[in-house]
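Here's the structure we're looking at; comments come further down.
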Amino acid sequence: MSSLNELELDLLTEAFNIGLGMGSAVLSELLGEEVLLTVPSLNVLPKRPAIDECGLRFGAKAHTIRQAFLDARNVSALAGDAFLFVPEASSQAITKLLSDSEVGEADILSELGNLILHSCLASLANMTETELDSQIPEVHMNRTADVLIAIAREKNKMAGHGNGLGATLRVDSRRPPHLQDKVLQLDVRFKTSTGEITGEVMLFLDLAKLPDLKVHIRDAIHRLTVN
């Protein structure tokens, strides 16, 4: 699948799963019913097919919440985008349950994204003992594939122009050529026990500097196995 071995992939999946578990537990309390999670799926894909697949699945009938992140100390070793996709009908149901007259749907989605996506990123950072910088979640109403395409274009334009969020570093000799334009995609779907509310959390982890990423993961595996 990639230059990450099975144990390394398992650790990333487990970190993602733990974070989602924490986020879904809080969401369950807020909604007053159990939130069920699917088994995480994991794929290594070229960025454009990953984007196209999201577009086919969601079309324009879902809201997109995006949170970009990167390693504050070793830029791009851990970098990517976390997404929460919420179908329009589910968003309206959540807003009805959680909102009052002064809070709009977009604000509710922003808080929901901050809760769930932050839990995933915090778990990933904790597992790999890194410090992740992340943006405030962006909310895009009724937009999916076009948002992802715009983000990909933005990153391409920023290639080689700084180390901030949304930027991609220069290609160097340590960057595996076959992974230059690929992402590790972690994906979990969730729904409430009644099925009224559904959504999907997706993490796109850039594989631009795989050797640095593997160092983080191997260190984490060593700590876990030694302890």
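Residues are named by chain letter and number: chains run A, B, ... in the order of the structure tokens, numbers start at 1 in each chain, and ligands are numbered from 1 in the order shown.
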- Task: Identify, on the basis of only C-alpha atoms, every residue whose closest approach to stretch 10-18 of chain A does not exceed 12 Å; exclude the query and any residue fewer than 5 positions from it along the same chain; express the result as a PyMOL selection string.
- Result: chain A and resi 4-5+23-25+37-43+78+82+116-129+184-190+201-205+213-214+216-225
Write a file of the selected residues as a PDB file, in the first residue's frame, keeping C-alpha atoms.
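Once everything was written out, this is result.pdb:
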ATOM      1  CA  LEU A   4       4.666   2.263   5.800  1.00  0.00           C
ATOM      2  CA  ASN A   5       4.556  -1.276   7.140  1.00  0.00           C
ATOM      3  CA  GLY A  23     -15.154  12.985  20.067  1.00  0.00           C
ATOM      4  CA  SER A  24     -18.130  10.705  19.485  1.00  0.00           C
ATOM      5  CA  ALA A  25     -18.567  10.181  23.248  1.00  0.00           C
ATOM      6  CA  LEU A  37     -18.687   4.424  14.379  1.00  0.00           C
ATOM      7  CA  THR A  38     -17.646   2.192  11.499  1.00  0.00           C
ATOM      8  CA  VAL A  39     -14.286   0.425  11.453  1.00  0.00           C
ATOM      9  CA  PRO A  40     -11.701   2.911  10.106  1.00  0.00           C
ATOM     10  CA  SER A  41     -10.670   2.365   6.497  1.00  0.00           C
ATOM     11  CA  LEU A  42      -7.205   3.257   5.285  1.00  0.00           C
ATOM     12  CA  ASN A  43      -5.982   3.874   1.748  1.00  0.00           C
ATOM     13  CA  LEU A  78       2.977  15.350   9.971  1.00  0.00           C
ATOM     14  CA  ALA A  82      -8.865  16.802   8.471  1.00  0.00           C
ATOM     15  CA  ILE A 116     -14.480  15.972  16.418  1.00  0.00           C
ATOM     16  CA  LEU A 117     -11.493  17.011  14.299  1.00  0.00           C
ATOM     17  CA  HIS A 118      -9.568  18.403  17.255  1.00  0.00           C
ATOM     18  CA  SER A 119     -10.055  15.093  19.087  1.00  0.00           C
ATOM     19  CA  CYS A 120      -8.575  13.195  16.126  1.00  0.00           C
ATOM     20  CA  LEU A 121      -5.603  15.529  15.753  1.00  0.00           C
ATOM     21  CA  ALA A 122      -4.950  15.634  19.503  1.00  0.00           C
ATOM     22  CA  SER A 123      -4.862  11.831  19.594  1.00  0.00           C
ATOM     23  CA  LEU A 124      -2.470  11.723  16.637  1.00  0.00           C
ATOM     24  CA  ALA A 125      -0.210  14.309  18.269  1.00  0.00           C
ATOM     25  CA  ASN A 126      -0.293  12.480  21.602  1.00  0.00           C
ATOM     26  CA  MET A 127       0.485   9.101  20.053  1.00  0.00           C
ATOM     27  CA  THR A 128       3.477  10.449  18.110  1.00  0.00           C
ATOM     28  CA  GLU A 129       4.567  12.982  20.774  1.00  0.00           C
ATOM     29  CA  LEU A 184      -2.803   8.505   3.348  1.00  0.00           C
ATOM     30  CA  GLN A 185      -6.576   8.587   3.715  1.00  0.00           C
ATOM     31  CA  LEU A 186      -8.153   7.544   7.020  1.00  0.00           C
ATOM     32  CA  ASP A 187     -11.918   7.407   6.881  1.00  0.00           C
ATOM     33  CA  VAL A 188     -14.682   6.699   9.423  1.00  0.00           C
ATOM     34  CA  ARG A 189     -18.438   7.079   9.076  1.00  0.00           C
ATOM     35  CA  PHE A 190     -20.718   7.725  12.013  1.00  0.00           C
ATOM     36  CA  VAL A 201     -14.617  12.043   9.164  1.00  0.00           C
ATOM     37  CA  MET A 202     -11.694  11.880   6.767  1.00  0.00           C
ATOM     38  CA  LEU A 203      -8.022  12.555   7.394  1.00  0.00           C
ATOM     39  CA  PHE A 204      -5.707  13.243   4.467  1.00  0.00           C
ATOM     40  CA  LEU A 205      -2.133  12.819   5.690  1.00  0.00           C
ATOM     41  CA  LEU A 213       6.921  10.600   9.386  1.00  0.00           C
ATOM     42  CA  LYS A 214       8.267   7.077   9.856  1.00  0.00           C
ATOM     43  CA  HIS A 216       7.735   9.695  14.560  1.00  0.00           C
ATOM     44  CA  ILE A 217       5.795   6.462  14.175  1.00  0.00           C
ATOM     45  CA  ARG A 218       8.693   4.154  14.986  1.00  0.00           C
ATOM     46  CA  ASP A 219       9.465   6.155  18.132  1.00  0.00           C
ATOM     47  CA  ALA A 220       5.821   5.806  19.172  1.00  0.00           C
ATOM     48  CA  ILE A 221       5.871   2.055  18.560  1.00  0.00           C
ATOM     49  CA  HIS A 222       9.070   1.747  20.621  1.00  0.00           C
ATOM     50  CA  ARG A 223       7.539   3.636  23.554  1.00  0.00           C
ATOM     51  CA  LEU A 224       4.392   1.521  23.465  1.00  0.00           C
ATOM     52  CA  THR A 225       6.200  -1.818  23.222  1.00  0.00           C
TER      53      THR A 225
END
- Message: For A:Ile197, find every residue with an atom within 10 Å (counting only C-alpha atoms), except residues of its own chain fewer than 5 positions away, and show them as number ranges by chain.
- Response: A: 31, 35, 86-94, 190-192
File dump, residues just selected, all heavy atoms, as a short mmCIF file (atom, residue, chain, number, x, y, z; two decimals), in the first residue's frame:
data_model
loop_
_atom_site.label_atom_id
_atom_site.label_comp_id
_atom_site.auth_asym_id
_atom_site.auth_seq_id
_atom_site.Cartn_x
_atom_site.Cartn_y
_atom_site.Cartn_z
N LEU A 31 -26.09 15.12 22.00
CA LEU A 31 -27.28 14.78 21.22
C LEU A 31 -28.29 13.95 22.02
O LEU A 31 -29.45 13.83 21.64
CB LEU A 31 -26.88 14.01 19.96
CG LEU A 31 -26.00 14.76 18.95
CD1 LEU A 31 -25.63 13.84 17.79
CD2 LEU A 31 -26.70 16.01 18.44
N VAL A 35 -23.73 7.47 19.51
CA VAL A 35 -23.14 7.69 18.18
C VAL A 35 -22.30 6.46 17.83
O VAL A 35 -21.39 6.09 18.57
CB VAL A 35 -22.26 8.96 18.16
CG1 VAL A 35 -21.54 9.09 16.82
CG2 VAL A 35 -23.11 10.20 18.43
N VAL A 86 -20.88 16.51 6.57
CA VAL A 86 -22.19 16.34 7.20
C VAL A 86 -23.28 16.57 6.16
O VAL A 86 -23.39 17.68 5.62
CB VAL A 86 -22.39 17.33 8.37
CG1 VAL A 86 -23.74 17.09 9.04
CG2 VAL A 86 -21.27 17.19 9.39
N PRO A 87 -24.08 15.54 5.85
CA PRO A 87 -25.19 15.73 4.90
C PRO A 87 -26.12 16.84 5.35
O PRO A 87 -26.29 17.09 6.55
CB PRO A 87 -25.89 14.37 4.91
CG PRO A 87 -24.83 13.40 5.32
CD PRO A 87 -23.97 14.14 6.30
N GLU A 88 -26.73 17.49 4.39
CA GLU A 88 -27.58 18.64 4.67
C GLU A 88 -28.69 18.31 5.69
O GLU A 88 -28.92 19.07 6.64
CB GLU A 88 -28.20 19.12 3.36
CG GLU A 88 -28.85 20.47 3.42
CD GLU A 88 -29.28 20.93 2.04
OE1 GLU A 88 -29.59 20.07 1.18
OE2 GLU A 88 -29.32 22.15 1.82
N ALA A 89 -29.36 17.18 5.50
CA ALA A 89 -30.45 16.81 6.40
C ALA A 89 -29.94 16.57 7.82
O ALA A 89 -30.58 16.95 8.81
CB ALA A 89 -31.16 15.55 5.89
N SER A 90 -28.76 15.96 7.94
CA SER A 90 -28.18 15.71 9.27
C SER A 90 -27.79 17.02 9.95
O SER A 90 -27.97 17.18 11.16
CB SER A 90 -26.96 14.81 9.15
OG SER A 90 -27.32 13.51 8.72
N SER A 91 -27.25 17.93 9.17
CA SER A 91 -26.86 19.23 9.71
C SER A 91 -28.07 19.96 10.27
O SER A 91 -28.01 20.57 11.36
CB SER A 91 -26.20 20.08 8.61
OG SER A 91 -25.90 21.37 9.08
N GLN A 92 -29.17 19.90 9.55
CA GLN A 92 -30.39 20.56 10.02
C GLN A 92 -30.91 19.91 11.32
O GLN A 92 -31.37 20.60 12.23
CB GLN A 92 -31.45 20.51 8.93
CG GLN A 92 -31.11 21.37 7.72
CD GLN A 92 -32.05 21.15 6.54
OE1 GLN A 92 -32.92 20.27 6.58
NE2 GLN A 92 -31.88 21.94 5.49
N ALA A 93 -30.80 18.58 11.40
CA ALA A 93 -31.24 17.87 12.60
C ALA A 93 -30.35 18.23 13.79
O ALA A 93 -30.85 18.44 14.91
CB ALA A 93 -31.21 16.37 12.36
N ILE A 94 -29.04 18.32 13.56
CA ILE A 94 -28.11 18.69 14.64
C ILE A 94 -28.40 20.11 15.11
O ILE A 94 -28.44 20.40 16.31
CB ILE A 94 -26.65 18.58 14.15
CG1 ILE A 94 -26.27 17.12 13.90
CG2 ILE A 94 -25.69 19.19 15.17
CD1 ILE A 94 -24.95 16.94 13.19
N PHE A 190 -20.01 7.83 10.74
CA PHE A 190 -20.72 7.72 12.01
C PHE A 190 -22.20 8.00 11.80
O PHE A 190 -22.61 8.63 10.82
CB PHE A 190 -20.13 8.70 13.05
CG PHE A 190 -20.33 10.16 12.73
CD1 PHE A 190 -21.48 10.84 13.10
CD2 PHE A 190 -19.33 10.88 12.07
CE1 PHE A 190 -21.65 12.18 12.83
CE2 PHE A 190 -19.50 12.22 11.77
CZ PHE A 190 -20.66 12.87 12.15
N LYS A 191 -22.99 7.49 12.74
CA LYS A 191 -24.42 7.76 12.72
C LYS A 191 -24.95 7.60 14.14
O LYS A 191 -24.37 6.88 14.96
CB LYS A 191 -25.16 6.81 11.78
CG LYS A 191 -25.14 5.35 12.19
CD LYS A 191 -25.96 4.51 11.22
CE LYS A 191 -25.97 3.04 11.66
NZ LYS A 191 -26.78 2.20 10.74
N THR A 192 -26.06 8.28 14.42
CA THR A 192 -26.71 8.10 15.71
C THR A 192 -27.49 6.80 15.69
O THR A 192 -27.76 6.23 14.63
CB THR A 192 -27.65 9.28 16.00
OG1 THR A 192 -28.56 9.45 14.91
CG2 THR A 192 -26.86 10.57 16.20
#
- So which one's closest to A:Ser28, A:Thr130, A:Val183, A:Asp71, A:Leu98? Using only C-alpha atoms, please.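 Selected residue with least distance to A:Ser28: A:Leu98.
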- Message: Please list as a list in words every residue within 10 Å of A:Pro137, counting only C-alpha atoms and excluding residues in the same chain fewer than 5 positions away.
- Response: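 That gives Thr64, Ile65, Arg66, Gln67, Ala68, Ala82, Phe83, Leu84, Leu109, Ser110, Glu111, Leu112, Gly113, Asn114, Leu115, Leu117 and His118 of chain A.
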